[in-house]
Amino acid sequence: MPDTSSDLSVDSQLVALGRPPREPGVAIGPPVEFTSTYVADGAHDYGRTSNATWRAFEETLGALEHGSALAFASGMAAISAALALTPPGGLVVAPRHAYNGAGALLARLEELGAVRVHRVDVCDTEALLSAVDGAALVYMESPTNPMLEVADLPAVFARAREVGAVSVCDNTFSTPLLQRPLDLGADVVLHSATKYLSGHSDLLMGATVTANDEIHDRLHTERTLRGGIPGPMETWLALRGMRTLHLRMRRACDSAATLAERLREHPAVSRVRYPGCGAIIAIEPHGDTGTATAVEHAVRLWLPSTSLGGVESMLERRRRHELEPMSVPEHLLRLSVGIEDVDDLWHDLDRALRVAQAG
Ligand SMILES: *Cc1c(COP(=O)(O)O)cnc(C)c1O
């Protein structure tokens, strides 16, 4: 067995990391440490500052993303801590179609005068790079949720570095198996661990990862002071889910590629957005909002639910949320492909699309 975790492939790291020391009679997995406080003068002090179960999760995710991780109560708690890296009144550059919670939080911070926000089309590299010139913080998502637009991340992060802006990248859609933003030059990676990392749609959690010690300390301070900490049970479940991330991701990505290809030929579908990897697809059925809603009602295997990244396939008309930007088409359906049999998924979707079309 290789003796450093960096000698291991990602598949083995997912299984081997975050475990207690290999000693006779010691459990092979981390315990769930249910405690609010610790006996003084040791490695842990108070339960809002650290917890051994968080460490096991953080060690594993940190190794995968090539930095040090911090576990948060939700993806939004992690995003909130990362946005707090912006100096007062500083300019944040963000995708016009960022995750709607992140977009709404930025609008809220803007309203309160805490930050200024410049929203850009991330596909327009020239406009994006010139926006970065005046930024204090660059907030990236690629592919974006739910429009699946792809940004030239290395160019953006390089420009951010040149102008002294902190760059942050939400890597929820890709996971470290498909994309490692820190290797592409980002300062901070964000995750909604609610999605692929935990993978079973049974908890909410988030994380930050950075290779910059000063930023890590600042994020840790934000977590401790704002109190956006995860419960030990959720953290334990998230790590347990991560043990199979590679298997789930590979399966979901393969099925998504197959479904995207078939959907492109489907008579009831006018547009398919699929960036060529990952397990999220966005489709626009022919017809109107009613047709898209009818698809949500007609599926039997796919779940009509607002999340993604679980073993269960889900779909949703995103514009049913008030927070969703108006530039997202009304009838766009976001598909999160799970790990069911791909032909079962296809038959269910094909039937639902035909039923909805028939009205
Ligand atoms: C769900 C999601 C979030 C928010 O995460 P929560 O765990 O729900 O707080 C952030 N970014 C992306 C891309 C998401 O899909």
# chains A, B, ... in the order shown; residues from 1 in each chain; ligands from 1
>>> residues_around(residues="Glu214 in chain A", least_positions_apart="6", cutoff="12 Å", atoms="only C-alpha atoms", output="list in words")
Ser68, Leu85, Val166, Asp187, Val188, His220 and Thr221 of chain A
>>> residues_around(residues="Gln13 in chain A", least_positions_apart="2", cutoff="12 Å", atoms="only C-alpha atoms", output="mmCIF file with all heavy atoms, in the first residue's frame")
data_model
loop_
_atom_site.group_PDB
_atom_site.id
_atom_site.type_symbol
_atom_site.label_atom_id
_atom_site.label_comp_id
_atom_site.auth_asym_id
_atom_site.auth_seq_id
_atom_site.Cartn_x
_atom_site.Cartn_y
_atom_site.Cartn_z
ATOM 1 N N MET A 1 0.858 -1.202 0.000
ATOM 2 C CA MET A 1 0.000 0.000 0.000
ATOM 3 C C MET A 1 0.888 1.243 0.000
ATOM 4 O O MET A 1 1.835 1.336 0.770
ATOM 5 C CB MET A 1 -0.879 -0.048 1.268
ATOM 6 C CG MET A 1 -1.476 1.282 1.638
ATOM 7 S SD MET A 1 -3.233 1.154 1.958
ATOM 8 C CE MET A 1 -3.574 2.811 2.506
ATOM 9 N N PRO A 2 0.608 2.212 -0.879
ATOM 10 C CA PRO A 2 1.393 3.446 -0.904
ATOM 11 C C PRO A 2 1.243 4.142 0.444
ATOM 12 O O PRO A 2 0.188 4.059 1.064
ATOM 13 C CB PRO A 2 0.741 4.274 -2.012
ATOM 14 C CG PRO A 2 -0.226 3.374 -2.710
ATOM 15 C CD PRO A 2 -0.545 2.278 -1.770
ATOM 16 N N ASP A 3 2.277 4.848 0.922
ATOM 17 C CA ASP A 3 2.151 5.398 2.271
ATOM 18 C C ASP A 3 1.725 6.867 2.318
ATOM 19 O O ASP A 3 1.503 7.405 3.376
ATOM 20 C CB ASP A 3 3.421 5.152 3.101
ATOM 21 C CG ASP A 3 4.662 5.675 2.431
ATOM 22 O OD1 ASP A 3 4.533 6.381 1.419
ATOM 23 O OD2 ASP A 3 5.746 5.366 2.903
ATOM 24 N N THR A 4 1.637 7.513 1.175
ATOM 25 C CA THR A 4 1.057 8.860 1.224
ATOM 26 C C THR A 4 -0.197 8.875 0.361
ATOM 27 O O THR A 4 -0.267 8.204 -0.661
ATOM 28 C CB THR A 4 2.036 9.941 0.705
ATOM 29 O OG1 THR A 4 2.250 9.726 -0.678
ATOM 30 C CG2 THR A 4 3.345 9.926 1.436
ATOM 31 N N SER A 5 -1.175 9.683 0.779
ATOM 32 C CA SER A 5 -2.451 9.660 0.075
ATOM 33 C C SER A 5 -2.301 10.152 -1.352
ATOM 34 O O SER A 5 -3.057 9.782 -2.233
ATOM 35 C CB SER A 5 -3.478 10.491 0.834
ATOM 36 O OG SER A 5 -3.115 11.852 0.784
ATOM 37 N N SER A 6 -1.261 10.987 -1.609
ATOM 38 C CA SER A 6 -1.129 11.522 -2.966
ATOM 39 C C SER A 6 -0.619 10.474 -3.950
ATOM 40 O O SER A 6 -0.664 10.674 -5.157
ATOM 41 C CB SER A 6 -0.231 12.757 -2.964
ATOM 42 O OG SER A 6 1.002 12.434 -2.391
ATOM 43 N N ASP A 7 -0.115 9.331 -3.444
ATOM 44 C CA ASP A 7 0.282 8.242 -4.341
ATOM 45 C C ASP A 7 -0.935 7.467 -4.844
ATOM 46 O O ASP A 7 -0.833 6.667 -5.756
ATOM 47 C CB ASP A 7 1.191 7.226 -3.610
ATOM 48 C CG ASP A 7 2.533 7.844 -3.250
ATOM 49 O OD1 ASP A 7 2.911 8.830 -3.911
ATOM 50 O OD2 ASP A 7 3.170 7.336 -2.319
ATOM 51 N N LEU A 8 -2.056 7.667 -4.184
ATOM 52 C CA LEU A 8 -3.235 6.879 -4.517
ATOM 53 C C LEU A 8 -4.054 7.538 -5.614
ATOM 54 O O LEU A 8 -4.083 8.765 -5.734
ATOM 55 C CB LEU A 8 -4.136 6.743 -3.280
ATOM 56 C CG LEU A 8 -3.591 5.943 -2.107
ATOM 57 C CD1 LEU A 8 -4.522 6.092 -0.905
ATOM 58 C CD2 LEU A 8 -3.440 4.475 -2.475
ATOM 59 N N SER A 9 -4.741 6.722 -6.393
ATOM 60 C CA SER A 9 -5.683 7.268 -7.363
ATOM 61 C C SER A 9 -6.887 7.811 -6.594
ATOM 62 O O SER A 9 -7.104 7.461 -5.428
ATOM 63 C CB SER A 9 -6.131 6.174 -8.328
ATOM 64 O OG SER A 9 -7.044 5.329 -7.670
ATOM 65 N N VAL A 10 -7.645 8.669 -7.272
ATOM 66 C CA VAL A 10 -8.819 9.275 -6.644
ATOM 67 C C VAL A 10 -9.783 8.199 -6.133
ATOM 68 O O VAL A 10 -10.334 8.304 -5.034
ATOM 69 C CB VAL A 10 -9.521 10.208 -7.654
ATOM 70 C CG1 VAL A 10 -10.887 10.618 -7.168
ATOM 71 C CG2 VAL A 10 -8.659 11.432 -7.920
ATOM 72 N N ASP A 11 -9.964 7.148 -6.923
ATOM 73 C CA ASP A 11 -10.893 6.085 -6.521
ATOM 74 C C ASP A 11 -10.490 5.480 -5.176
ATOM 75 O O ASP A 11 -11.334 5.206 -4.316
ATOM 76 C CB ASP A 11 -10.921 4.963 -7.567
ATOM 77 C CG ASP A 11 -11.554 5.410 -8.875
ATOM 78 O OD1 ASP A 11 -11.633 6.632 -9.115
ATOM 79 O OD2 ASP A 11 -11.959 4.541 -9.668
ATOM 80 N N VAL A 15 -12.013 5.873 -0.907
ATOM 81 C CA VAL A 15 -12.286 4.759 0.007
ATOM 82 C C VAL A 15 -11.390 4.815 1.246
ATOM 83 O O VAL A 15 -11.832 4.570 2.364
ATOM 84 C CB VAL A 15 -12.113 3.405 -0.723
ATOM 85 C CG1 VAL A 15 -12.318 2.240 0.244
ATOM 86 C CG2 VAL A 15 -13.074 3.310 -1.902
ATOM 87 N N ALA A 16 -10.123 5.194 1.058
ATOM 88 C CA ALA A 16 -9.128 5.009 2.124
ATOM 89 C C ALA A 16 -8.989 6.180 3.094
ATOM 90 O O ALA A 16 -8.580 5.989 4.244
ATOM 91 C CB ALA A 16 -7.762 4.716 1.495
ATOM 92 N N LEU A 17 -9.298 7.393 2.644
ATOM 93 C CA LEU A 17 -9.020 8.566 3.492
ATOM 94 C C LEU A 17 -10.085 8.775 4.568
ATOM 95 O O LEU A 17 -11.160 8.182 4.521
ATOM 96 C CB LEU A 17 -8.870 9.817 2.633
ATOM 97 C CG LEU A 17 -7.724 9.780 1.615
ATOM 98 C CD1 LEU A 17 -7.601 11.114 0.904
ATOM 99 C CD2 LEU A 17 -6.404 9.425 2.291
ATOM 100 N N GLY A 18 -9.767 9.641 5.518
ATOM 101 C CA GLY A 18 -10.730 10.006 6.554
ATOM 102 C C GLY A 18 -11.040 8.863 7.498
ATOM 103 O O GLY A 18 -12.141 8.755 8.020
ATOM 104 N N ARG A 19 -10.063 7.994 7.712
ATOM 105 C CA ARG A 19 -10.276 6.871 8.642
ATOM 106 C C ARG A 19 -9.358 7.030 9.852
ATOM 107 O O ARG A 19 -8.326 7.678 9.763
ATOM 108 C CB ARG A 19 -9.980 5.541 7.938
ATOM 109 C CG ARG A 19 -10.972 5.243 6.804
ATOM 110 C CD ARG A 19 -10.761 3.855 6.227
ATOM 111 N NE ARG A 19 -11.652 3.595 5.109
ATOM 112 C CZ ARG A 19 -12.894 3.131 5.217
ATOM 113 N NH1 ARG A 19 -13.408 2.848 6.407
ATOM 114 N NH2 ARG A 19 -13.634 2.920 4.143
ATOM 115 N N PHE A 57 -14.218 14.080 7.116
ATOM 116 C CA PHE A 57 -14.815 14.537 5.859
ATOM 117 C C PHE A 57 -13.870 15.525 5.154
ATOM 118 O O PHE A 57 -13.622 15.435 3.946
ATOM 119 C CB PHE A 57 -16.169 15.190 6.172
ATOM 120 C CG PHE A 57 -16.777 15.955 5.021
ATOM 121 C CD1 PHE A 57 -17.557 15.301 4.072
ATOM 122 C CD2 PHE A 57 -16.571 17.334 4.900
ATOM 123 C CE1 PHE A 57 -18.117 16.014 3.001
ATOM 124 C CE2 PHE A 57 -17.135 18.049 3.837
ATOM 125 C CZ PHE A 57 -17.899 17.383 2.890
ATOM 126 N N GLU A 59 -10.617 15.958 5.519
ATOM 127 C CA GLU A 59 -9.369 15.343 5.039
ATOM 128 C C GLU A 59 -9.595 14.712 3.664
ATOM 129 O O GLU A 59 -8.790 14.870 2.741
ATOM 130 C CB GLU A 59 -8.925 14.277 6.045
ATOM 131 C CG GLU A 59 -7.668 13.524 5.633
ATOM 132 C CD GLU A 59 -7.409 12.303 6.532
ATOM 133 O OE1 GLU A 59 -7.566 12.421 7.767
ATOM 134 O OE2 GLU A 59 -7.069 11.240 5.985
ATOM 135 N N THR A 60 -10.728 14.037 3.521
ATOM 136 C CA THR A 60 -11.019 13.335 2.268
ATOM 137 C C THR A 60 -11.287 14.318 1.132
ATOM 138 O O THR A 60 -10.671 14.234 0.062
ATOM 139 C CB THR A 60 -12.224 12.389 2.466
ATOM 140 O OG1 THR A 60 -11.981 11.604 3.636
ATOM 141 C CG2 THR A 60 -12.435 11.482 1.274
ATOM 142 N N LEU A 61 -12.158 15.288 1.365
ATOM 143 C CA LEU A 61 -12.484 16.250 0.310
ATOM 144 C C LEU A 61 -11.268 17.118 -0.041
ATOM 145 O O LEU A 61 -11.014 17.400 -1.215
ATOM 146 C CB LEU A 61 -13.664 17.136 0.737
ATOM 147 C CG LEU A 61 -14.068 18.199 -0.286
ATOM 148 C CD1 LEU A 61 -14.472 17.572 -1.619
ATOM 149 C CD2 LEU A 61 -15.194 19.079 0.255
ATOM 150 N N GLY A 62 -10.507 17.506 1.004
ATOM 151 C CA GLY A 62 -9.316 18.328 0.770
ATOM 152 C C GLY A 62 -8.325 17.620 -0.150
ATOM 153 O O GLY A 62 -7.799 18.212 -1.095
ATOM 154 N N ALA A 63 -8.091 16.335 0.087
ATOM 155 C CA ALA A 63 -7.153 15.573 -0.757
ATOM 156 C C ALA A 63 -7.640 15.533 -2.198
ATOM 157 O O ALA A 63 -6.856 15.676 -3.136
ATOM 158 C CB ALA A 63 -6.991 14.156 -0.203
ATOM 159 N N LEU A 64 -8.946 15.382 -2.385
ATOM 160 C CA LEU A 64 -9.493 15.293 -3.745
ATOM 161 C C LEU A 64 -9.387 16.606 -4.502
ATOM 162 O O LEU A 64 -9.138 16.623 -5.705
ATOM 163 C CB LEU A 64 -10.974 14.891 -3.689
ATOM 164 C CG LEU A 64 -11.268 13.491 -3.197
ATOM 165 C CD1 LEU A 64 -12.762 13.321 -3.002
ATOM 166 C CD2 LEU A 64 -10.751 12.465 -4.189
ATOM 167 N N GLU A 65 -9.596 17.724 -3.794
ATOM 168 C CA GLU A 65 -9.588 19.038 -4.454
ATOM 169 C C GLU A 65 -8.211 19.716 -4.380
ATOM 170 O O GLU A 65 -8.057 20.846 -4.817
ATOM 171 C CB GLU A 65 -10.649 19.967 -3.831
ATOM 172 C CG GLU A 65 -12.089 19.632 -4.188
ATOM 173 C CD GLU A 65 -12.494 20.079 -5.603
ATOM 174 O OE1 GLU A 65 -11.604 20.364 -6.427
ATOM 175 O OE2 GLU A 65 -13.700 20.113 -5.870
ATOM 176 N N HIS A 66 -7.226 19.031 -3.773
ATOM 177 C CA HIS A 66 -5.856 19.557 -3.667
ATOM 178 C C HIS A 66 -5.768 20.829 -2.817
ATOM 179 O O HIS A 66 -5.124 21.810 -3.202
ATOM 180 C CB HIS A 66 -5.247 19.792 -5.069
ATOM 181 C CG HIS A 66 -5.099 18.523 -5.853
ATOM 182 N ND1 HIS A 66 -4.747 18.495 -7.184
ATOM 183 C CD2 HIS A 66 -5.240 17.228 -5.491
ATOM 184 C CE1 HIS A 66 -4.689 17.242 -7.604
ATOM 185 N NE2 HIS A 66 -4.990 16.454 -6.578
ATOM 186 N N PRO A 176 -14.686 17.007 -7.815
ATOM 187 C CA PRO A 176 -13.253 16.937 -8.153
ATOM 188 C C PRO A 176 -12.932 15.816 -9.142
ATOM 189 O O PRO A 176 -11.817 15.761 -9.669
ATOM 190 C CB PRO A 176 -12.579 16.704 -6.803
ATOM 191 C CG PRO A 176 -13.658 16.365 -5.846
ATOM 192 C CD PRO A 176 -14.932 16.906 -6.374
ATOM 193 N N LEU A 177 -13.891 14.956 -9.436
ATOM 194 C CA LEU A 177 -13.610 13.890 -10.402
ATOM 195 C C LEU A 177 -13.561 14.434 -11.828
ATOM 196 O O LEU A 177 -12.882 13.868 -12.686
ATOM 197 C CB LEU A 177 -14.677 12.798 -10.319
ATOM 198 C CG LEU A 177 -14.757 12.067 -8.990
ATOM 199 C CD1 LEU A 177 -15.806 10.971 -9.046
ATOM 200 C CD2 LEU A 177 -13.419 11.477 -8.606
ATOM 201 N N LEU A 239 -19.641 11.713 4.376
ATOM 202 C CA LEU A 239 -18.419 10.957 4.078
ATOM 203 C C LEU A 239 -18.771 9.534 3.649
ATOM 204 O O LEU A 239 -18.190 8.991 2.711
ATOM 205 C CB LEU A 239 -17.480 10.946 5.295
ATOM 206 C CG LEU A 239 -16.175 10.152 5.106
ATOM 207 C CD1 LEU A 239 -15.374 10.653 3.910
ATOM 208 C CD2 LEU A 239 -15.316 10.232 6.373
ATOM 209 N N MET A 242 -19.666 9.739 0.151
ATOM 210 C CA MET A 242 -18.507 10.023 -0.719
ATOM 211 C C MET A 242 -17.696 8.775 -1.057
ATOM 212 O O MET A 242 -16.986 8.750 -2.058
ATOM 213 C CB MET A 242 -17.581 11.046 -0.059
ATOM 214 C CG MET A 242 -17.914 12.472 -0.432
ATOM 215 S SD MET A 242 -17.005 13.643 0.580
ATOM 216 C CE MET A 242 -15.360 13.474 -0.080
ATOM 217 N N ARG A 243 -17.798 7.762 -0.243
ATOM 218 C CA ARG A 243 -17.038 6.526 -0.503
ATOM 219 C C ARG A 243 -17.349 5.943 -1.887
ATOM 220 O O ARG A 243 -16.538 5.225 -2.461
ATOM 221 C CB ARG A 243 -17.357 5.453 0.560
ATOM 222 C CG ARG A 243 -17.015 5.838 1.997
ATOM 223 C CD ARG A 243 -15.536 5.954 2.217
ATOM 224 N NE ARG A 243 -15.180 6.209 3.616
ATOM 225 C CZ ARG A 243 -14.091 6.880 3.978
ATOM 226 N NH1 ARG A 243 -13.255 7.351 3.063
ATOM 227 N NH2 ARG A 243 -13.821 7.076 5.239
ATOM 228 N N THR A 244 -18.548 6.238 -2.401
ATOM 229 C CA THR A 244 -18.944 5.693 -3.716
ATOM 230 C C THR A 244 -19.087 6.783 -4.780
ATOM 231 O O THR A 244 -19.685 6.549 -5.823
ATOM 232 C CB THR A 244 -20.284 4.938 -3.600
ATOM 233 O OG1 THR A 244 -21.262 5.845 -3.058
ATOM 234 C CG2 THR A 244 -20.186 3.711 -2.724
ATOM 235 N N LEU A 245 -18.523 7.959 -4.506
ATOM 236 C CA LEU A 245 -18.682 9.079 -5.451
ATOM 237 C C LEU A 245 -18.238 8.697 -6.865
ATOM 238 O O LEU A 245 -18.920 9.007 -7.846
ATOM 239 C CB LEU A 245 -17.880 10.303 -4.955
ATOM 240 C CG LEU A 245 -17.847 11.506 -5.900
ATOM 241 C CD1 LEU A 245 -19.230 12.115 -6.086
ATOM 242 C CD2 LEU A 245 -16.888 12.586 -5.368
ATOM 243 N N HIS A 246 -17.080 8.040 -6.966
ATOM 244 C CA HIS A 246 -16.539 7.692 -8.294
ATOM 245 C C HIS A 246 -17.479 6.770 -9.059
ATOM 246 O O HIS A 246 -17.698 6.933 -10.255
ATOM 247 C CB HIS A 246 -15.139 7.093 -8.163
ATOM 248 C CG HIS A 246 -15.015 5.993 -7.137
ATOM 249 N ND1 HIS A 246 -15.524 6.091 -5.858
ATOM 250 C CD2 HIS A 246 -14.458 4.769 -7.208
ATOM 251 C CE1 HIS A 246 -15.266 4.983 -5.193
ATOM 252 N NE2 HIS A 246 -14.624 4.154 -5.988
#
>>> residues_around(residues="range 266-279 of chain A", least_positions_apart="5", cutoff="7 Å", atoms="only C-alpha atoms", output="JSON list (two decimals) with N, CA, C and O atoms, in the first residue's frame")
[["chain", "number", "residue", "atom", "x", "y", "z"],
["A", 148, "LEU", "N", -26.01, 25.69, -17.98],
["A", 148, "LEU", "CA", -24.89, 24.85, -18.41],
["A", 148, "LEU", "C", -23.91, 25.57, -19.34],
["A", 148, "LEU", "O", -23.33, 24.98, -20.25],
["A", 174, "SER", "N", -19.50, 19.60, -11.06],
["A", 174, "SER", "CA", -18.43, 18.78, -11.65],
["A", 174, "SER", "C", -17.84, 17.77, -10.67],
["A", 174, "SER", "O", -17.44, 16.68, -11.09],
["A", 252, "ALA", "N", -23.65, 7.94, -13.62],
["A", 252, "ALA", "CA", -24.56, 9.04, -13.96],
["A", 252, "ALA", "C", -24.08, 9.77, -15.21],
["A", 252, "ALA", "O", -24.89, 10.13, -16.08],
["A", 253, "CYS", "N", -22.78, 9.97, -15.33],
["A", 253, "CYS", "CA", -22.23, 10.68, -16.50],
["A", 253, "CYS", "C", -22.44, 9.86, -17.77],
["A", 253, "CYS", "O", -22.80, 10.40, -18.82],
["A", 256, "ALA", "N", -26.05, 10.13, -18.67],
["A", 256, "ALA", "CA", -26.37, 11.48, -19.16],
["A", 256, "ALA", "C", -25.94, 11.62, -20.61],
["A", 256, "ALA", "O", -26.68, 12.19, -21.43],
["A", 260, "ALA", "N", -28.61, 12.49, -23.44],
["A", 260, "ALA", "CA", -28.47, 13.75, -24.19],
["A", 260, "ALA", "C", -28.52, 13.46, -25.68],
["A", 260, "ALA", "O", -29.17, 14.17, -26.45],
["A", 284, "GLU", "N", -35.47, 21.92, -23.46],
["A", 284, "GLU", "CA", -36.64, 22.77, -23.67],
["A", 284, "GLU", "C", -37.61, 21.99, -24.55],
["A", 284, "GLU", "O", -37.34, 21.76, -25.72],
["A", 285, "PRO", "N", -38.73, 21.54, -23.97],
["A", 285, "PRO", "CA", -39.71, 20.83, -24.79],
["A", 285, "PRO", "C", -40.40, 21.82, -25.72],
["A", 285, "PRO", "O", -40.52, 23.00, -25.39],
["A", 286, "HIS", "N", -40.86, 21.34, -26.89],
["A", 286, "HIS", "CA", -41.71, 22.17, -27.74],
["A", 286, "HIS", "C", -42.95, 22.51, -26.93],
["A", 286, "HIS", "O", -43.38, 21.73, -26.09],
["A", 336, "SER", "N", -31.38, 16.02, -13.61],
["A", 336, "SER", "CA", -30.24, 15.50, -12.88],
["A", 336, "SER", "C", -30.30, 13.98, -13.02],
["A", 336, "SER", "O", -31.20, 13.33, -12.48],
["A", 337, "VAL", "N", -29.36, 13.44, -13.79],
["A", 337, "VAL", "CA", -29.39, 12.01, -14.09],
["A", 337, "VAL", "C", -28.79, 11.23, -12.92],
["A", 337, "VAL", "O", -27.68, 11.53, -12.48],
["A", 353, "LEU", "N", -42.66, 12.97, -22.16],
["A", 353, "LEU", "CA", -42.57, 14.03, -23.17],
["A", 353, "LEU", "C", -43.70, 13.90, -24.18],
["A", 353, "LEU", "O", -44.31, 14.88, -24.60],
["A", 354, "ARG", "N", -44.03, 12.66, -24.55],
["A", 354, "ARG", "CA", -45.11, 12.43, -25.53],
["A", 354, "ARG", "C", -46.47, 12.74, -24.93],
["A", 354, "ARG", "O", -47.31, 13.38, -25.57],
["A", 357, "GLN", "N", -46.84, 16.45, -24.70],
["A", 357, "GLN", "CA", -47.00, 17.03, -26.03],
["A", 357, "GLN", "C", -48.44, 16.85, -26.53],
["A", 357, "GLN", "O", -49.01, 17.74, -27.14]]
>>> select_by_dssp(residues="range 63-167 of chain A", states="alpha helix (DSSP H)", output="PyMOL selection string")
chain A and resi 63-65+75-83+100-111+125-132+153-162
>>> residues_near_ligand(ligand="ligand 1", cutoff="8 Å", atoms="only C-alpha atoms and all ligand atoms", output="PyMOL selection string")
chain A and resi 73-79+98-99+101-102+141+144-145+170-173+190-195+204-206+307-308
>>> residues_around(residues="range 40-53 of chain A", least_positions_apart="4", cutoff="9 Å", atoms="only C-alpha atoms", output="short mmCIF file (atom, residue, chain, number, x, y, z; two decimals) with N, CA, C and O atoms, in the first residue's frame")
data_model
loop_
_atom_site.label_atom_id
_atom_site.label_comp_id
_atom_site.auth_asym_id
_atom_site.auth_seq_id
_atom_site.Cartn_x
_atom_site.Cartn_y
_atom_site.Cartn_z
N GLY A 18 -9.77 9.64 5.52
CA GLY A 18 -10.73 10.01 6.55
C GLY A 18 -11.04 8.86 7.50
O GLY A 18 -12.14 8.75 8.02
N PRO A 30 -14.59 6.48 10.95
CA PRO A 30 -14.66 7.48 12.01
C PRO A 30 -15.95 7.36 12.81
O PRO A 30 -16.99 7.04 12.24
N PRO A 31 -15.91 7.61 14.11
CA PRO A 31 -17.15 7.63 14.89
C PRO A 31 -17.92 8.92 14.62
O PRO A 31 -17.35 9.87 14.09
N VAL A 32 -19.21 8.93 14.95
CA VAL A 32 -19.96 10.19 14.92
C VAL A 32 -19.73 10.81 16.29
O VAL A 32 -20.15 10.23 17.29
N GLU A 33 -19.05 11.94 16.30
CA GLU A 33 -18.70 12.52 17.60
C GLU A 33 -19.77 13.52 18.04
O GLU A 33 -19.75 14.68 17.67
N PHE A 34 -20.69 13.00 18.83
CA PHE A 34 -21.77 13.86 19.34
C PHE A 34 -21.32 14.53 20.63
O PHE A 34 -21.40 13.94 21.71
N THR A 35 -20.80 15.74 20.51
CA THR A 35 -20.45 16.47 21.72
C THR A 35 -20.45 17.96 21.43
O THR A 35 -20.16 18.37 20.31
N SER A 36 -20.82 18.76 22.42
CA SER A 36 -20.78 20.22 22.21
C SER A 36 -19.44 20.77 22.68
O SER A 36 -19.04 21.86 22.28
N PHE A 57 -14.22 14.08 7.12
CA PHE A 57 -14.81 14.54 5.86
C PHE A 57 -13.87 15.53 5.15
O PHE A 57 -13.62 15.44 3.95
N GLU A 58 -13.33 16.46 5.94
CA GLU A 58 -12.47 17.51 5.38
C GLU A 58 -11.17 16.95 4.83
O GLU A 58 -10.68 17.40 3.79
N HIS A 220 -12.31 29.76 8.16
CA HIS A 220 -12.55 29.09 9.44
C HIS A 220 -13.16 30.06 10.45
O HIS A 220 -14.12 29.73 11.17
N THR A 221 -12.62 31.28 10.46
CA THR A 221 -13.16 32.31 11.35
C THR A 221 -14.61 32.62 11.00
O THR A 221 -15.48 32.72 11.88
N ARG A 223 -16.76 30.65 9.56
CA ARG A 223 -17.59 29.51 9.97
C ARG A 223 -17.86 29.55 11.47
O ARG A 223 -19.00 29.37 11.93
N THR A 224 -16.82 29.81 12.25
CA THR A 224 -16.95 29.79 13.70
C THR A 224 -17.84 30.93 14.18
O THR A 224 -18.71 30.73 15.03
N LEU A 225 -17.64 32.13 13.62
CA LEU A 225 -18.38 33.29 14.12
C LEU A 225 -19.82 33.35 13.60
O LEU A 225 -20.73 33.76 14.32
N GLY A 227 -21.41 30.66 12.65
CA GLY A 227 -22.04 29.48 13.23
C GLY A 227 -22.64 28.53 12.22
O GLY A 227 -23.46 27.68 12.58
N GLY A 228 -22.23 28.65 10.94
CA GLY A 228 -22.81 27.78 9.90
C GLY A 228 -22.18 26.41 9.87
O GLY A 228 -21.67 25.95 8.85
N ILE A 229 -22.24 25.71 11.00
CA ILE A 229 -21.55 24.42 11.13
C ILE A 229 -22.49 23.23 10.90
O ILE A 229 -23.67 23.30 11.24
N PRO A 232 -22.70 16.59 13.33
CA PRO A 232 -21.81 15.43 13.14
C PRO A 232 -22.47 14.28 12.39
O PRO A 232 -21.82 13.60 11.59
N MET A 233 -23.78 14.10 12.58
CA MET A 233 -24.45 12.99 11.89
C MET A 233 -24.47 13.23 10.38
O MET A 233 -24.19 12.31 9.59
N THR A 235 -22.41 15.03 8.71
CA THR A 235 -21.04 14.95 8.20
C THR A 235 -20.62 13.50 8.02
O THR A 235 -19.98 13.14 7.04
N TRP A 236 -21.02 12.69 8.95
CA TRP A 236 -20.69 11.26 8.87
C TRP A 236 -21.39 10.63 7.65
O TRP A 236 -20.78 9.89 6.89
#
>>> closest_residue(among="A:Arg317, A:Ala94, A:Asp350, A:Ala186", to="Glu265 in chain A", atoms="only C-alpha atoms")
A:Asp350
>>> atom_distance(atom1="CA of Val93 in chain A", atom2="CA of Leu178 in chain A")
24.0 Å
>>> select_by_dssp(residues="range 119-344 of chain A", states="strand (DSSP E)", output="PyMOL selection string")
chain A and resi 119-120+137-141+166-170+188-192+206-210+269-273+280-285+303-304+314-317+333-336
>>> closest_residue(among="A:Val189, A:Leu323, A:Val328, A:Met140", to="Ala107 in chain A", atoms="only C-alpha atoms")
A:Leu323
>>> residues_around(residues="Pro88 in chain A", least_positions_apart="2", cutoff="8 Å", atoms="only C-alpha atoms", output="PyMOL selection string")
chain A and resi 86+90+114-115
>>> write_last_selection(atoms="N, CA, C and O atoms", output="short mmCIF file (atom, residue, chain, number, x, y, z; two decimals), in the first residue's frame")
data_model
loop_
_atom_site.label_atom_id
_atom_site.label_comp_id
_atom_site.auth_asym_id
_atom_site.auth_seq_id
_atom_site.Cartn_x
_atom_site.Cartn_y
_atom_site.Cartn_z
N THR A 86 -14.93 39.31 0.49
CA THR A 86 -14.95 40.58 -0.25
C THR A 86 -14.80 41.74 0.72
O THR A 86 -15.52 41.79 1.71
N GLY A 90 -16.68 46.18 -2.00
CA GLY A 90 -15.88 45.66 -3.12
C GLY A 90 -16.74 45.11 -4.24
O GLY A 90 -17.90 44.75 -4.02
N ALA A 114 -23.20 46.05 1.07
CA ALA A 114 -21.99 45.33 1.49
C ALA A 114 -21.04 45.11 0.32
O ALA A 114 -19.82 45.14 0.49
N VAL A 115 -21.60 44.86 -0.87
CA VAL A 115 -20.77 44.62 -2.06
C VAL A 115 -21.44 45.29 -3.27
O VAL A 115 -22.61 45.65 -3.22
#
>>> residues_around(residues="range 296-304 of chain A", least_positions_apart="6", cutoff="6 Å", atoms="only C-alpha atoms", output="PyMOL selection string")
chain A and resi 313-316+352
>>> residues_around(residues="Gly67 in chain A", least_positions_apart="4", cutoff="6 Å", atoms="only C-alpha atoms", output="VMD selection string")
chain A and resid 62 209 to 211
>>> closest_residue(among="A:Asn100, A:Thr125, A:Thr291, A:Thr175", to="Glu322 in chain A", atoms="only C-alpha atoms")
A:Asn100
